[in-house]
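Below is one structure; the comments refer to it alone.
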There are 2 protein chains.
Amino acid sequence: MIRIGIYGYGNLGRGVEAAILKNSDLSLVAVFTRRSPESLKIRTENVPVVHISEVENWKDKIDVMVLCGGSATDLPVQTPELSKMFNVVDSFDTHAKIPQHFENVDKAAREFKKTALISAGWDPGMFSINRLYASAVLPDGKDYTFWGKGVSQGHSDAIRRIDGVKDAKQYTIPKEEALELVRSGANPELTVRDKHLRECFVVAVDGADLEKIENEIKAMPNYFADYDTIVHFISEEELIKEHSGIAHGGFVIRSGKTGFNNENSHIIEYSLKLDSNPEFTASVIVSYARAVYRLAQENNFGCKTVFDIAPAYLSSMSSEEIRAHLL
Amino acid sequence: MIRIGIYGYGNLGRGVEAAILKNSDLSLVAVFTRRSPESLKIRTENVPVVHISEVENWKDKIDVMVLCGGSATDLPVQTPELSKMFNVVDSFDTHAKIPQHFENVDKAAREFKKTALISAGWDPGMFSINRLYASAVLPDGKDYTFWGKGVSQGHSDAIRRIDGVKDAKQYTIPKEEALELVRSGANPELTVRDKHLRECFVVAVDGADLEKIENEIKAMPNYFADYDTIVHFISEEELIKEHSGIAHGGFVIRSGKTGFNNENSHIIEYSLKLDSNPEFTASVIVSYARAVYRLAQENNFGCKTVFDIAPAYLSSMSSEEIRAHLL
């Protein structure tokens, strides 16, 4: 049994707890929280909830610590720190800051002879792997990533910061005509506006100037200005009832040419349709926890990403079994 | 530059030659044939065509030999033999015989300190990888592989062996309603008949009993008896004109459940739409030739499959580049 710890118990932490139960070779040994441990009720029986101040006492009782904090402020600090005591997996997803995060974690993990894997999940994660395989197989080509339909936390937060907004949810929606154009092998040049639509459901405070809010959303640089944006004002009840879903998904498509005269086109498409974004992310993380455990057993220390992990390490089956049944 | 040799120059060998031209870190150094070398005209300038009897003289001039023979009789002999002299890649695709082939190649490659990779391509190959990733991420689920639309060589050959048949092509076609059922997350139990349709285009010899041929096709065990099979009799001209395509493709779909009460469903779908089956297969093989070269440089010898190769080994980019641009 591979002994797993969960560090941080929000949506993702709960997803990891649920995912562990689906894998008979993994066992949850403790959940760590910065809240008061007594206040936290977890689902698995007979597993202790421990305050993070005591984490060092668990150094020899946990094979892989799964870090479930946020990418903005938690993981940049936690992953390097905990890499000094544990083999770790995180889901750091600020794409632009991955190189710096990698360096920080790699330094700590190497010094303390631990194995760390950062940025597990679906993007970064399964989508990244598919971008890599597809670009290696079809070097003369172009790839396209589409996200959605699903709620974007960052864009929802941006709307909530606007004066007069009480709450909001923003859906990122891939445009069907762009998907079809890419699938046709036309290798189109697509702007951000061509690829995605942004649909916003906004709860305004009483008496707020709705037109002003709508204009402010649509003009927001980076987040909305370059997109076709639709704004709906709805009641708080409707937002909670109709827009509390955690579904998400997306598409990675590469089209490329082969042949002496580029006479043949090929389309590689990978897509996800997820009822629960955090539970799927957690399921990916948990399979990489297995891989991290195995790498650590081989004294293969330092920071890794999904690119560095051979697929066989993710499976609970033996090499003989996967060759016989999955190849 | 990684120096590549091609062993066998049919459709696949030509595809490998074309794929090498798409990869600036790979260079074709020789093509080996059992035909008379003078009779064979290749596309790349200044590359020698050599008789297979002289292959041993090239031991130090080739980094990776790409084996382009057939799985029925060529590769079971050639891959173990050539693994004694070269690092090799093959596309052995008789699924049931992979474990035995692996053992034979592994023994030779280990003894002679070479790196071998078997069964590269798309199925086995990219489809296998996707079956593995998806089953590791969603262990409580079910996967489905659909092939087509494309010509199945084995089924076409089976028709050609029938008395009164001059030539034939058989298309394997996935049934749209089965695809949709799988994508719905219903986890259906599907028979072979539910999943694929078999459409046959047959050229009969003059005066042949067409009804007898059609019945014989439809009753053929394993190949057709368990399927909905459509038979068309056409002229030889039409067969050549309309059915000489080498397009293929397919789908690997896994649906699985997560959550403490299995409350959430997820669909992972990978699909290929290929203008040229042999050129795409060749493109996969060539990216694995790069991986084999790198493993050999690390003294990581023996037989491997796609499951044993970390994605990063396939890319011509450095680890820093792929982390910055693809993760």
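By convention in this document, the chains of the structure tokens carry letters A, B, ... by their order, each chain's residues are numbered from 1, and ligands are numbered from 1 in the order they are shown.
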ask   = Please, which residues of chain B lie no more than 6 Å from chain A when the count uses only C-alpha atoms, and can they be set out as a ChimeraX atom specification?
value = /B:18,124,128,136-137,259-260,264-275,283-284,287,307-312,314-315,326-327
Same residues, N, CA, C and O atoms, output as a compact mmCIF listing (two decimals), in the first residue's frame:
```txt
# COMPACT_ATOMS: atom_id res chain seq x y z
N ALA B 18 9.82 9.90 -45.70
CA ALA B 18 9.18 11.22 -45.73
C ALA B 18 9.17 11.86 -44.35
O ALA B 18 9.41 13.08 -44.21
N PRO B 124 -1.22 -1.00 -32.34
CA PRO B 124 -0.67 -0.49 -31.08
C PRO B 124 0.13 0.80 -31.27
O PRO B 124 0.70 1.03 -32.32
N SER B 128 -2.82 2.81 -27.64
CA SER B 128 -2.46 2.06 -26.42
C SER B 128 -2.14 3.04 -25.29
O SER B 128 -2.57 2.85 -24.14
N ALA B 136 -5.72 4.67 -16.04
CA ALA B 136 -5.04 5.02 -14.78
C ALA B 136 -5.75 6.19 -14.10
O ALA B 136 -5.86 6.23 -12.88
N VAL B 137 -6.24 7.14 -14.89
CA VAL B 137 -6.87 8.33 -14.33
C VAL B 137 -8.30 8.03 -13.86
O VAL B 137 -8.75 8.55 -12.85
N GLY B 259 -16.17 10.41 -7.33
CA GLY B 259 -17.00 10.90 -6.24
C GLY B 259 -17.29 9.81 -5.23
O GLY B 259 -17.21 8.62 -5.56
N PHE B 260 -17.60 10.20 -4.01
CA PHE B 260 -17.85 9.24 -2.94
C PHE B 260 -19.03 8.33 -3.27
O PHE B 260 -19.10 7.19 -2.84
N ASN B 264 -20.32 11.62 -10.27
CA ASN B 264 -19.85 12.37 -11.43
C ASN B 264 -19.27 11.47 -12.52
O ASN B 264 -18.51 10.55 -12.24
N SER B 265 -19.64 11.78 -13.75
CA SER B 265 -19.17 11.03 -14.92
C SER B 265 -18.19 11.88 -15.71
O SER B 265 -18.33 13.10 -15.78
N HIS B 266 -17.25 11.21 -16.33
CA HIS B 266 -16.26 11.91 -17.14
C HIS B 266 -16.03 11.13 -18.42
O HIS B 266 -16.03 9.90 -18.40
N ILE B 267 -15.80 11.87 -19.51
CA ILE B 267 -15.50 11.22 -20.79
C ILE B 267 -14.15 11.72 -21.28
O ILE B 267 -13.94 12.93 -21.42
N ILE B 268 -13.26 10.78 -21.55
CA ILE B 268 -11.97 11.09 -22.17
C ILE B 268 -12.02 10.50 -23.58
O ILE B 268 -12.29 9.31 -23.74
N GLU B 269 -11.79 11.33 -24.58
CA GLU B 269 -11.86 10.82 -25.96
C GLU B 269 -10.62 11.22 -26.73
O GLU B 269 -10.21 12.39 -26.73
N TYR B 270 -10.04 10.25 -27.40
CA TYR B 270 -8.88 10.49 -28.28
C TYR B 270 -9.25 9.99 -29.65
O TYR B 270 -9.78 8.88 -29.78
N SER B 271 -9.04 10.80 -30.67
CA SER B 271 -9.39 10.32 -32.00
C SER B 271 -8.35 10.73 -33.03
O SER B 271 -7.62 11.72 -32.87
N LEU B 272 -8.28 9.93 -34.07
CA LEU B 272 -7.37 10.18 -35.20
C LEU B 272 -8.16 10.17 -36.48
O LEU B 272 -9.04 9.32 -36.67
N LYS B 273 -7.87 11.13 -37.36
CA LYS B 273 -8.46 11.15 -38.70
C LYS B 273 -7.28 11.29 -39.65
O LYS B 273 -6.67 12.35 -39.73
N LEU B 274 -6.94 10.20 -40.32
CA LEU B 274 -5.66 10.11 -41.03
C LEU B 274 -5.86 9.97 -42.53
O LEU B 274 -6.54 9.05 -42.98
N ASP B 275 -5.26 10.86 -43.30
CA ASP B 275 -5.29 10.71 -44.76
C ASP B 275 -4.48 9.51 -45.21
O ASP B 275 -4.81 8.86 -46.19
N SER B 283 5.26 8.37 -38.97
CA SER B 283 5.57 9.58 -38.19
C SER B 283 5.69 9.26 -36.70
O SER B 283 6.54 9.82 -36.00
N VAL B 284 4.85 8.34 -36.24
CA VAL B 284 4.95 7.91 -34.84
C VAL B 284 6.27 7.17 -34.64
O VAL B 284 7.02 7.44 -33.68
N SER B 287 9.29 9.44 -34.32
CA SER B 287 9.46 10.14 -33.04
C SER B 287 9.98 9.17 -31.97
O SER B 287 10.76 9.56 -31.09
N PHE B 307 4.73 2.31 -23.57
CA PHE B 307 4.40 2.55 -22.17
C PHE B 307 5.61 2.93 -21.33
O PHE B 307 5.48 3.51 -20.25
N ASP B 308 6.80 2.54 -21.81
CA ASP B 308 8.02 2.73 -21.03
C ASP B 308 8.74 4.03 -21.35
O ASP B 308 9.80 4.31 -20.79
N ILE B 309 8.19 4.81 -22.27
CA ILE B 309 8.90 6.00 -22.75
C ILE B 309 8.23 7.27 -22.23
O ILE B 309 7.07 7.55 -22.56
N ALA B 310 8.95 8.04 -21.44
CA ALA B 310 8.41 9.32 -20.98
C ALA B 310 8.21 10.23 -22.19
O ALA B 310 9.06 10.27 -23.09
N PRO B 311 7.09 10.97 -22.21
CA PRO B 311 6.79 11.80 -23.38
C PRO B 311 7.94 12.73 -23.80
O PRO B 311 8.16 12.93 -25.01
N ALA B 312 8.67 13.26 -22.85
CA ALA B 312 9.74 14.21 -23.17
C ALA B 312 10.77 13.63 -24.16
O ALA B 312 11.35 14.38 -24.96
N LEU B 314 10.30 12.03 -26.75
CA LEU B 314 9.85 12.06 -28.15
C LEU B 314 10.08 13.40 -28.83
O LEU B 314 10.06 13.49 -30.06
N SER B 315 10.24 14.43 -28.03
CA SER B 315 10.28 15.78 -28.59
C SER B 315 11.69 16.20 -28.94
O SER B 315 12.65 15.87 -28.25
N LEU B 326 4.81 23.96 -23.69
CA LEU B 326 3.76 22.96 -23.89
C LEU B 326 3.03 22.57 -22.61
O LEU B 326 1.93 22.05 -22.66
N LEU B 327 3.66 22.83 -21.44
CA LEU B 327 3.03 22.41 -20.19
C LEU B 327 1.84 23.32 -19.89
O LEU B 327 0.76 22.86 -19.58
```
request  = Pick out the residues sitting within 8 Å of Arg34 of chain B, and hand them over as JSON, numbers by chain; count only C-alpha atoms, and ignore anything fewer than 6 positions along from it in its own chain.
outcome  = {"B": [8, 51, 52, 53]}
Write a file of the just-selected residues containing C-alpha atoms, as a PDB file, in the first residue's frame.
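As written to disk, part_36.pdb reads:
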```
ATOM      1  CA  GLY B   8      12.445  -2.611 -45.863  1.00  0.00           C
ATOM      2  CA  HIS B  51      21.287  -5.161 -49.900  1.00  0.00           C
ATOM      3  CA  ILE B  52      20.291  -6.625 -46.533  1.00  0.00           C
ATOM      4  CA  SER B  53      23.153  -9.111 -46.753  1.00  0.00           C
TER       5      SER B  53
END
```
Neighbour list for Val55 of chain A as an mmCIF file with all heavy atoms, in the first residue's frame, cut-off 9 Å, only C-alpha atoms, skip fewer than 5 positions in-chain:
```cif
data_model
loop_
_atom_site.group_PDB
_atom_site.id
_atom_site.type_symbol
_atom_site.label_atom_id
_atom_site.label_comp_id
_atom_site.auth_asym_id
_atom_site.auth_seq_id
_atom_site.Cartn_x
_atom_site.Cartn_y
_atom_site.Cartn_z
ATOM 1 N N PHE A 32 -4.044 17.093 6.327
ATOM 2 C CA PHE A 32 -3.453 18.226 7.042
ATOM 3 C C PHE A 32 -4.211 19.501 6.696
ATOM 4 O O PHE A 32 -4.546 19.734 5.535
ATOM 5 C CB PHE A 32 -1.972 18.361 6.662
ATOM 6 C CG PHE A 32 -1.184 17.151 7.073
ATOM 7 C CD1 PHE A 32 -1.100 16.035 6.232
ATOM 8 C CD2 PHE A 32 -0.571 17.101 8.316
ATOM 9 C CE1 PHE A 32 -0.406 14.902 6.622
ATOM 10 C CE2 PHE A 32 0.127 15.964 8.718
ATOM 11 C CZ PHE A 32 0.208 14.865 7.863
ATOM 12 N N VAL A 50 -4.983 16.513 10.947
ATOM 13 C CA VAL A 50 -3.830 16.990 11.711
ATOM 14 C C VAL A 50 -3.563 18.448 11.344
ATOM 15 O O VAL A 50 -3.714 18.836 10.178
ATOM 16 C CB VAL A 50 -2.585 16.118 11.360
ATOM 17 C CG1 VAL A 50 -1.362 16.561 12.139
ATOM 18 C CG2 VAL A 50 -2.880 14.637 11.571
ATOM 19 N N LEU A 82 7.632 21.552 1.522
ATOM 20 C CA LEU A 82 7.269 20.167 1.846
ATOM 21 C C LEU A 82 8.134 19.160 1.091
ATOM 22 O O LEU A 82 8.260 18.009 1.514
ATOM 23 C CB LEU A 82 5.779 19.939 1.586
ATOM 24 C CG LEU A 82 4.915 20.632 2.664
ATOM 25 C CD1 LEU A 82 3.496 20.842 2.182
ATOM 26 C CD2 LEU A 82 4.910 19.820 3.966
ATOM 27 N N MET A 85 10.670 17.341 3.098
ATOM 28 C CA MET A 85 10.274 16.280 4.037
ATOM 29 C C MET A 85 9.592 15.093 3.367
ATOM 30 O O MET A 85 9.634 13.981 3.879
ATOM 31 C CB MET A 85 9.291 16.850 5.064
ATOM 32 C CG MET A 85 9.901 17.841 6.011
ATOM 33 S SD MET A 85 8.645 18.476 7.170
ATOM 34 C CE MET A 85 8.244 20.035 6.410
#
```
message = Need to verify the contact set: segment 67-75 of chain A, 6 Å, only C-alpha atoms, exclusion of same-chain residues closer than 6 positions in sequence. Can you return it as JSON, numbers by chain?
response = {"A": [7, 8, 12, 13, 90, 92]}
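Residues of segment 53-176 of chain B carrying a DSSP assignment of strand (DSSP E), computed from the backbone, are Val64, Met65, Val66, Leu67, Asn87, Val88, Val89, Thr115, Ala116, Leu117, Gly141, Lys142, Asp143, Tyr144, Thr145, Phe146, Trp147, Gly150, Val151, Val165, Lys166, Asp167, Ala168, Lys169, Gln170, Tyr171, Thr172, Ile173 and Pro174 of chain B.
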Quick one: write out the picked residues with C-alpha atoms as an mmCIF file, in the first residue's frame?
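Result file is selection07.cif:
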```
data_model
loop_
_atom_site.group_PDB
_atom_site.id
_atom_site.type_symbol
_atom_site.label_atom_id
_atom_site.label_comp_id
_atom_site.auth_asym_id
_atom_site.auth_seq_id
_atom_site.Cartn_x
_atom_site.Cartn_y
_atom_site.Cartn_z
ATOM 1 C CA VAL B 64 18.680 3.618 -34.939
ATOM 2 C CA MET B 65 17.421 1.100 -37.497
ATOM 3 C CA VAL B 66 13.732 1.424 -38.336
ATOM 4 C CA LEU B 67 12.250 -1.944 -39.303
ATOM 5 C CA ASN B 87 19.146 0.028 -31.714
ATOM 6 C CA VAL B 88 15.812 -0.646 -33.411
ATOM 7 C CA VAL B 89 12.180 0.420 -33.676
ATOM 8 C CA THR B 115 17.804 -0.462 -27.114
ATOM 9 C CA ALA B 116 14.737 -1.761 -28.944
ATOM 10 C CA LEU B 117 11.210 -0.407 -29.093
ATOM 11 C CA GLY B 141 -14.613 3.060 -15.859
ATOM 12 C CA LYS B 142 -14.660 1.283 -19.154
ATOM 13 C CA ASP B 143 -12.858 1.920 -22.399
ATOM 14 C CA TYR B 144 -13.906 1.478 -25.966
ATOM 15 C CA THR B 145 -11.759 1.425 -29.085
ATOM 16 C CA PHE B 146 -13.391 2.058 -32.445
ATOM 17 C CA TRP B 147 -11.514 1.768 -35.729
ATOM 18 C CA GLY B 150 -10.603 2.770 -43.072
ATOM 19 C CA VAL B 151 -9.523 -0.236 -45.091
ATOM 20 C CA VAL B 165 -12.901 -13.174 -56.130
ATOM 21 C CA LYS B 166 -10.343 -11.255 -58.161
ATOM 22 C CA ASP B 167 -9.778 -8.345 -55.783
ATOM 23 C CA ALA B 168 -11.476 -6.710 -52.792
ATOM 24 C CA LYS B 169 -11.321 -3.915 -50.254
ATOM 25 C CA GLN B 170 -13.078 -3.986 -46.880
ATOM 26 C CA TYR B 171 -13.868 -0.857 -44.874
ATOM 27 C CA THR B 172 -14.262 -1.023 -41.118
ATOM 28 C CA ILE B 173 -16.779 1.659 -40.129
ATOM 29 C CA PRO B 174 -17.598 2.648 -36.548
#
```
query = So which residues touch Ile240 of chain A within 12 Å, counting only C-alpha atoms, skipping near sequence neighbours fewer than 3 positions away, as JSON, numbers by chain?
reply = {"A": [167, 168, 169, 201, 202, 203, 234, 235, 236, 237, 243, 244, 245]}
Only N, CA and C atoms, please: the residues just picked out, written as a short mmCIF file (atom, residue, chain, number, x, y, z; two decimals), in the first residue's frame.
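To be explicit, this is the file written out as out_22.cif:
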```cif
data_model
loop_
_atom_site.label_atom_id
_atom_site.label_comp_id
_atom_site.auth_asym_id
_atom_site.auth_seq_id
_atom_site.Cartn_x
_atom_site.Cartn_y
_atom_site.Cartn_z
N ASP A 167 -22.10 38.94 -6.95
CA ASP A 167 -21.54 37.61 -7.25
C ASP A 167 -21.60 37.41 -8.76
N ALA A 168 -20.82 36.45 -9.26
CA ALA A 168 -20.81 36.24 -10.71
C ALA A 168 -20.17 34.90 -11.05
N LYS A 169 -20.61 34.34 -12.19
CA LYS A 169 -19.96 33.15 -12.76
C LYS A 169 -19.74 33.41 -14.25
N PHE A 201 -22.82 35.46 -15.92
CA PHE A 201 -24.05 35.55 -15.14
C PHE A 201 -23.72 36.35 -13.89
N VAL A 202 -24.38 37.51 -13.78
CA VAL A 202 -23.97 38.48 -12.77
C VAL A 202 -25.13 38.80 -11.83
N VAL A 203 -24.84 38.80 -10.53
CA VAL A 203 -25.80 39.27 -9.53
C VAL A 203 -25.33 40.66 -9.10
N ILE A 234 -28.85 38.27 -13.26
CA ILE A 234 -29.82 37.32 -12.69
C ILE A 234 -29.86 37.50 -11.17
N SER A 235 -30.83 36.82 -10.56
CA SER A 235 -30.95 36.91 -9.10
C SER A 235 -29.93 35.99 -8.44
N GLU A 236 -29.69 36.27 -7.16
CA GLU A 236 -28.76 35.44 -6.41
C GLU A 236 -29.26 33.99 -6.34
N GLU A 237 -30.57 33.83 -6.17
CA GLU A 237 -31.15 32.49 -6.08
C GLU A 237 -30.88 31.71 -7.37
N HIS A 243 -26.14 27.89 -11.56
CA HIS A 243 -24.75 28.10 -11.98
C HIS A 243 -23.74 27.72 -10.90
N SER A 244 -24.06 26.68 -10.12
CA SER A 244 -23.10 26.20 -9.12
C SER A 244 -22.37 24.96 -9.62
N GLY A 245 -22.57 24.62 -10.87
CA GLY A 245 -21.95 23.42 -11.43
C GLY A 245 -20.44 23.54 -11.49
#
```
Residues flagged helix (DSSP H, G or I) by DSSP in segment 238-325 of chain A, as a CSV table (one decimal) with N, CA, C and O atoms, in the first residue's frame:
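The resulting file, states-v1.csv, is shown below:
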```csv
chain,number,residue,atom,x,y,z
A,238,GLU,N,-31.1,32.4,-8.5
A,238,GLU,CA,-30.9,31.7,-9.8
A,238,GLU,C,-29.4,31.4,-10.0
A,238,GLU,O,-29.1,30.3,-10.5
A,239,LEU,N,-28.5,32.2,-9.6
A,239,LEU,CA,-27.1,31.9,-9.7
A,239,LEU,C,-26.7,30.7,-8.9
A,239,LEU,O,-26.0,29.8,-9.4
A,240,ILE,N,-27.2,30.6,-7.7
A,240,ILE,CA,-26.9,29.4,-6.9
A,240,ILE,C,-27.6,28.2,-7.4
A,240,ILE,O,-26.9,27.1,-7.5
A,241,LYS,N,-28.8,28.3,-7.9
A,241,LYS,CA,-29.5,27.1,-8.4
A,241,LYS,C,-29.0,26.6,-9.7
A,241,LYS,O,-28.8,25.4,-9.9
A,242,GLU,N,-28.7,27.6,-10.6
A,242,GLU,CA,-28.4,27.2,-12.0
A,242,GLU,C,-26.9,27.2,-12.4
A,242,GLU,O,-26.5,26.6,-13.4
A,277,ASN,N,-14.8,19.3,-12.4
A,277,ASN,CA,-13.4,19.7,-12.6
A,277,ASN,C,-12.5,19.3,-11.5
A,277,ASN,O,-11.4,18.6,-11.7
A,278,PRO,N,-12.8,19.6,-10.2
A,278,PRO,CA,-11.9,19.2,-9.1
A,278,PRO,C,-11.7,17.7,-9.0
A,278,PRO,O,-10.6,17.2,-8.7
A,279,GLU,N,-12.8,16.9,-9.2
A,279,GLU,CA,-12.6,15.5,-9.0
A,279,GLU,C,-11.8,14.9,-10.1
A,279,GLU,O,-11.0,13.9,-9.9
A,280,PHE,N,-11.9,15.4,-11.3
A,280,PHE,CA,-11.1,14.8,-12.4
A,280,PHE,C,-9.6,15.2,-12.2
A,280,PHE,O,-8.7,14.4,-12.3
A,281,THR,N,-9.4,16.5,-11.8
A,281,THR,CA,-8.0,16.9,-11.5
A,281,THR,C,-7.4,16.0,-10.4
A,281,THR,O,-6.3,15.6,-10.5
A,282,ALA,N,-8.2,15.8,-9.4
A,282,ALA,CA,-7.8,14.9,-8.3
A,282,ALA,C,-7.4,13.5,-8.8
A,282,ALA,O,-6.4,12.9,-8.3
A,283,SER,N,-8.2,13.0,-9.7
A,283,SER,CA,-8.0,11.7,-10.2
A,283,SER,C,-6.6,11.6,-11.0
A,283,SER,O,-5.9,10.6,-10.9
A,284,VAL,N,-6.3,12.6,-11.7
A,284,VAL,CA,-5.0,12.7,-12.4
A,284,VAL,C,-3.9,12.8,-11.4
A,284,VAL,O,-2.9,12.0,-11.4
A,285,ILE,N,-4.1,13.6,-10.4
A,285,ILE,CA,-3.0,13.8,-9.4
A,285,ILE,C,-2.7,12.5,-8.7
A,285,ILE,O,-1.6,12.1,-8.4
A,286,VAL,N,-3.8,11.7,-8.3
A,286,VAL,CA,-3.6,10.5,-7.6
A,286,VAL,C,-2.8,9.5,-8.4
A,286,VAL,O,-2.0,8.7,-7.9
A,287,SER,N,-3.1,9.4,-9.8
A,287,SER,CA,-2.3,8.5,-10.6
A,287,SER,C,-0.9,8.9,-10.6
A,287,SER,O,0.0,8.0,-10.7
A,288,TYR,N,-0.6,10.2,-10.6
A,288,TYR,CA,0.8,10.6,-10.6
A,288,TYR,C,1.4,10.4,-9.2
A,288,TYR,O,2.7,10.3,-9.1
A,289,ALA,N,0.6,10.4,-8.1
A,289,ALA,CA,1.2,10.0,-6.8
A,289,ALA,C,1.8,8.6,-6.8
A,289,ALA,O,2.9,8.4,-6.3
A,290,ARG,N,1.1,7.7,-7.5
A,290,ARG,CA,1.6,6.4,-7.7
A,290,ARG,C,3.0,6.4,-8.4
A,290,ARG,O,3.9,5.8,-8.0
A,291,ALA,N,3.0,7.2,-9.5
A,291,ALA,CA,4.3,7.3,-10.2
A,291,ALA,C,5.4,7.9,-9.4
A,291,ALA,O,6.5,7.4,-9.4
A,292,VAL,N,5.1,8.9,-8.6
A,292,VAL,CA,6.1,9.6,-7.7
A,292,VAL,C,6.7,8.6,-6.7
A,292,VAL,O,7.9,8.5,-6.5
A,293,TYR,N,5.8,7.8,-6.2
A,293,TYR,CA,6.2,6.7,-5.2
A,293,TYR,C,7.2,5.8,-5.9
A,293,TYR,O,8.3,5.5,-5.3
A,294,ARG,N,6.9,5.4,-7.1
A,294,ARG,CA,7.8,4.4,-7.8
A,294,ARG,C,9.1,5.0,-8.2
A,294,ARG,O,10.2,4.4,-8.1
A,295,LEU,N,9.1,6.3,-8.6
A,295,LEU,CA,10.3,7.0,-8.9
A,295,LEU,C,11.2,7.1,-7.7
A,295,LEU,O,12.4,6.9,-7.7
A,296,ALA,N,10.6,7.5,-6.6
A,296,ALA,CA,11.3,7.6,-5.3
A,296,ALA,C,12.0,6.3,-4.9
A,296,ALA,O,13.1,6.2,-4.5
A,297,GLN,N,11.2,5.2,-5.1
A,297,GLN,CA,11.8,3.9,-4.9
A,297,GLN,C,13.0,3.6,-5.7
A,297,GLN,O,13.9,2.8,-5.3
A,306,VAL,N,4.7,16.0,-15.9
A,306,VAL,CA,4.1,14.9,-16.6
A,306,VAL,C,4.9,14.5,-17.8
A,306,VAL,O,4.8,13.3,-18.2
A,307,PHE,N,5.7,15.4,-18.3
A,307,PHE,CA,6.5,15.0,-19.5
A,307,PHE,C,7.6,14.0,-19.2
A,307,PHE,O,8.1,13.3,-20.1
A,308,ASP,N,8.0,13.9,-17.9
A,308,ASP,CA,9.1,13.1,-17.5
A,308,ASP,C,8.7,11.7,-17.1
A,308,ASP,O,9.6,10.9,-16.7
A,311,PRO,N,4.3,6.5,-19.2
A,311,PRO,CA,2.9,6.1,-18.9
A,311,PRO,C,2.8,4.9,-18.0
A,311,PRO,O,2.0,4.9,-17.1
A,312,ALA,N,3.7,3.9,-18.1
A,312,ALA,CA,3.6,2.7,-17.3
A,312,ALA,C,3.6,3.0,-15.8
A,312,ALA,O,3.0,2.2,-15.0
A,313,TYR,N,4.3,4.0,-15.4
A,313,TYR,CA,4.4,4.4,-14.0
A,313,TYR,C,3.0,4.7,-13.4
A,313,TYR,O,2.9,4.8,-12.2
A,314,LEU,N,2.1,5.1,-14.2
A,314,LEU,CA,0.8,5.6,-13.7
A,314,LEU,C,-0.2,4.4,-13.4
A,314,LEU,O,-1.2,4.6,-12.7
A,319,SER,N,4.0,-4.4,-15.8
A,319,SER,CA,4.4,-4.2,-17.2
A,319,SER,C,3.9,-5.3,-18.0
A,319,SER,O,3.4,-5.1,-19.2
A,320,GLU,N,3.9,-6.5,-17.5
A,320,GLU,CA,3.4,-7.7,-18.3
A,320,GLU,C,1.9,-7.5,-18.6
A,320,GLU,O,1.5,-7.8,-19.7
A,321,GLU,N,1.2,-7.1,-17.6
A,321,GLU,CA,-0.3,-7.0,-17.8
A,321,GLU,C,-0.6,-5.9,-18.8
A,321,GLU,O,-1.5,-6.1,-19.6
A,322,ILE,N,0.1,-4.7,-18.7
A,322,ILE,CA,-0.3,-3.7,-19.6
A,322,ILE,C,0.1,-4.0,-21.0
A,322,ILE,O,-0.6,-3.7,-22.0
A,323,ARG,N,1.2,-4.8,-21.2
A,323,ARG,CA,1.6,-5.2,-22.5
A,323,ARG,C,0.6,-6.1,-23.1
A,323,ARG,O,0.2,-6.1,-24.3
A,324,ALA,N,0.1,-7.0,-22.2
A,324,ALA,CA,-0.9,-8.1,-22.7
A,324,ALA,C,-2.2,-7.5,-23.0
A,324,ALA,O,-3.0,-7.9,-23.9
A,325,HIS,N,-2.7,-6.5,-22.1
A,325,HIS,CA,-4.1,-6.1,-22.2
A,325,HIS,C,-4.3,-4.7,-22.8
A,325,HIS,O,-5.4,-4.4,-23.3
```
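Take atom CA of Ala108 of chain B and atom CA of Ser83 of chain B: the distance between them is 6.0 Å.
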Long-range neighbours of segment 214-222 of chain A as a short mmCIF file (atom, residue, chain, number, x, y, z; two decimals) with C-alpha atoms, in the first residue's frame, 12 Å cut-off, only C-alpha atoms, 3 positions minimum in chain:
```cif
data_model
loop_
_atom_site.label_atom_id
_atom_site.label_comp_id
_atom_site.auth_asym_id
_atom_site.auth_seq_id
_atom_site.Cartn_x
_atom_site.Cartn_y
_atom_site.Cartn_z
CA GLY A 154 -10.20 33.71 -12.69
CA HIS A 155 -12.73 35.41 -14.96
CA SER A 156 -15.55 35.01 -12.41
CA ASP A 157 -13.31 36.61 -9.77
CA ALA A 158 -12.49 39.50 -12.11
CA ILE A 159 -16.21 40.29 -12.50
CA ARG A 160 -16.75 40.11 -8.73
CA ARG A 161 -14.17 42.84 -8.22
CA ILE A 162 -16.33 45.32 -10.19
CA ASP A 163 -18.17 47.92 -8.16
CA GLY A 164 -21.86 47.01 -7.79
CA VAL A 165 -21.36 43.25 -8.40
CA ALA A 168 -20.81 36.24 -10.71
CA GLN A 170 -18.27 33.23 -16.15
CA VAL A 192 -8.84 34.66 -29.11
CA ARG A 193 -12.21 36.07 -30.24
CA LEU A 197 -17.11 33.01 -26.25
CA ARG A 198 -17.43 34.40 -22.70
CA GLU A 199 -20.85 34.21 -21.08
CA CYS A 200 -21.31 35.97 -17.74
CA PHE A 201 -24.05 35.55 -15.14
CA VAL A 202 -23.97 38.48 -12.77
CA VAL A 203 -25.80 39.27 -9.53
CA ALA A 204 -25.81 43.06 -9.01
CA ALA A 208 -26.52 49.27 -9.18
CA ASP A 209 -26.08 50.75 -12.68
CA LEU A 210 -26.38 47.59 -14.79
CA GLU A 211 -25.33 49.23 -18.04
CA ALA A 225 -12.01 43.08 -24.17
CA ASP A 226 -10.67 40.74 -26.87
CA TYR A 227 -13.68 38.39 -26.73
CA ASP A 228 -17.32 38.28 -27.68
CA THR A 229 -18.83 38.64 -24.24
CA ILE A 230 -22.45 38.10 -23.23
CA VAL A 231 -23.68 39.48 -19.90
CA HIS A 232 -26.85 38.34 -18.12
CA PHE A 233 -28.08 39.88 -14.87
#
```
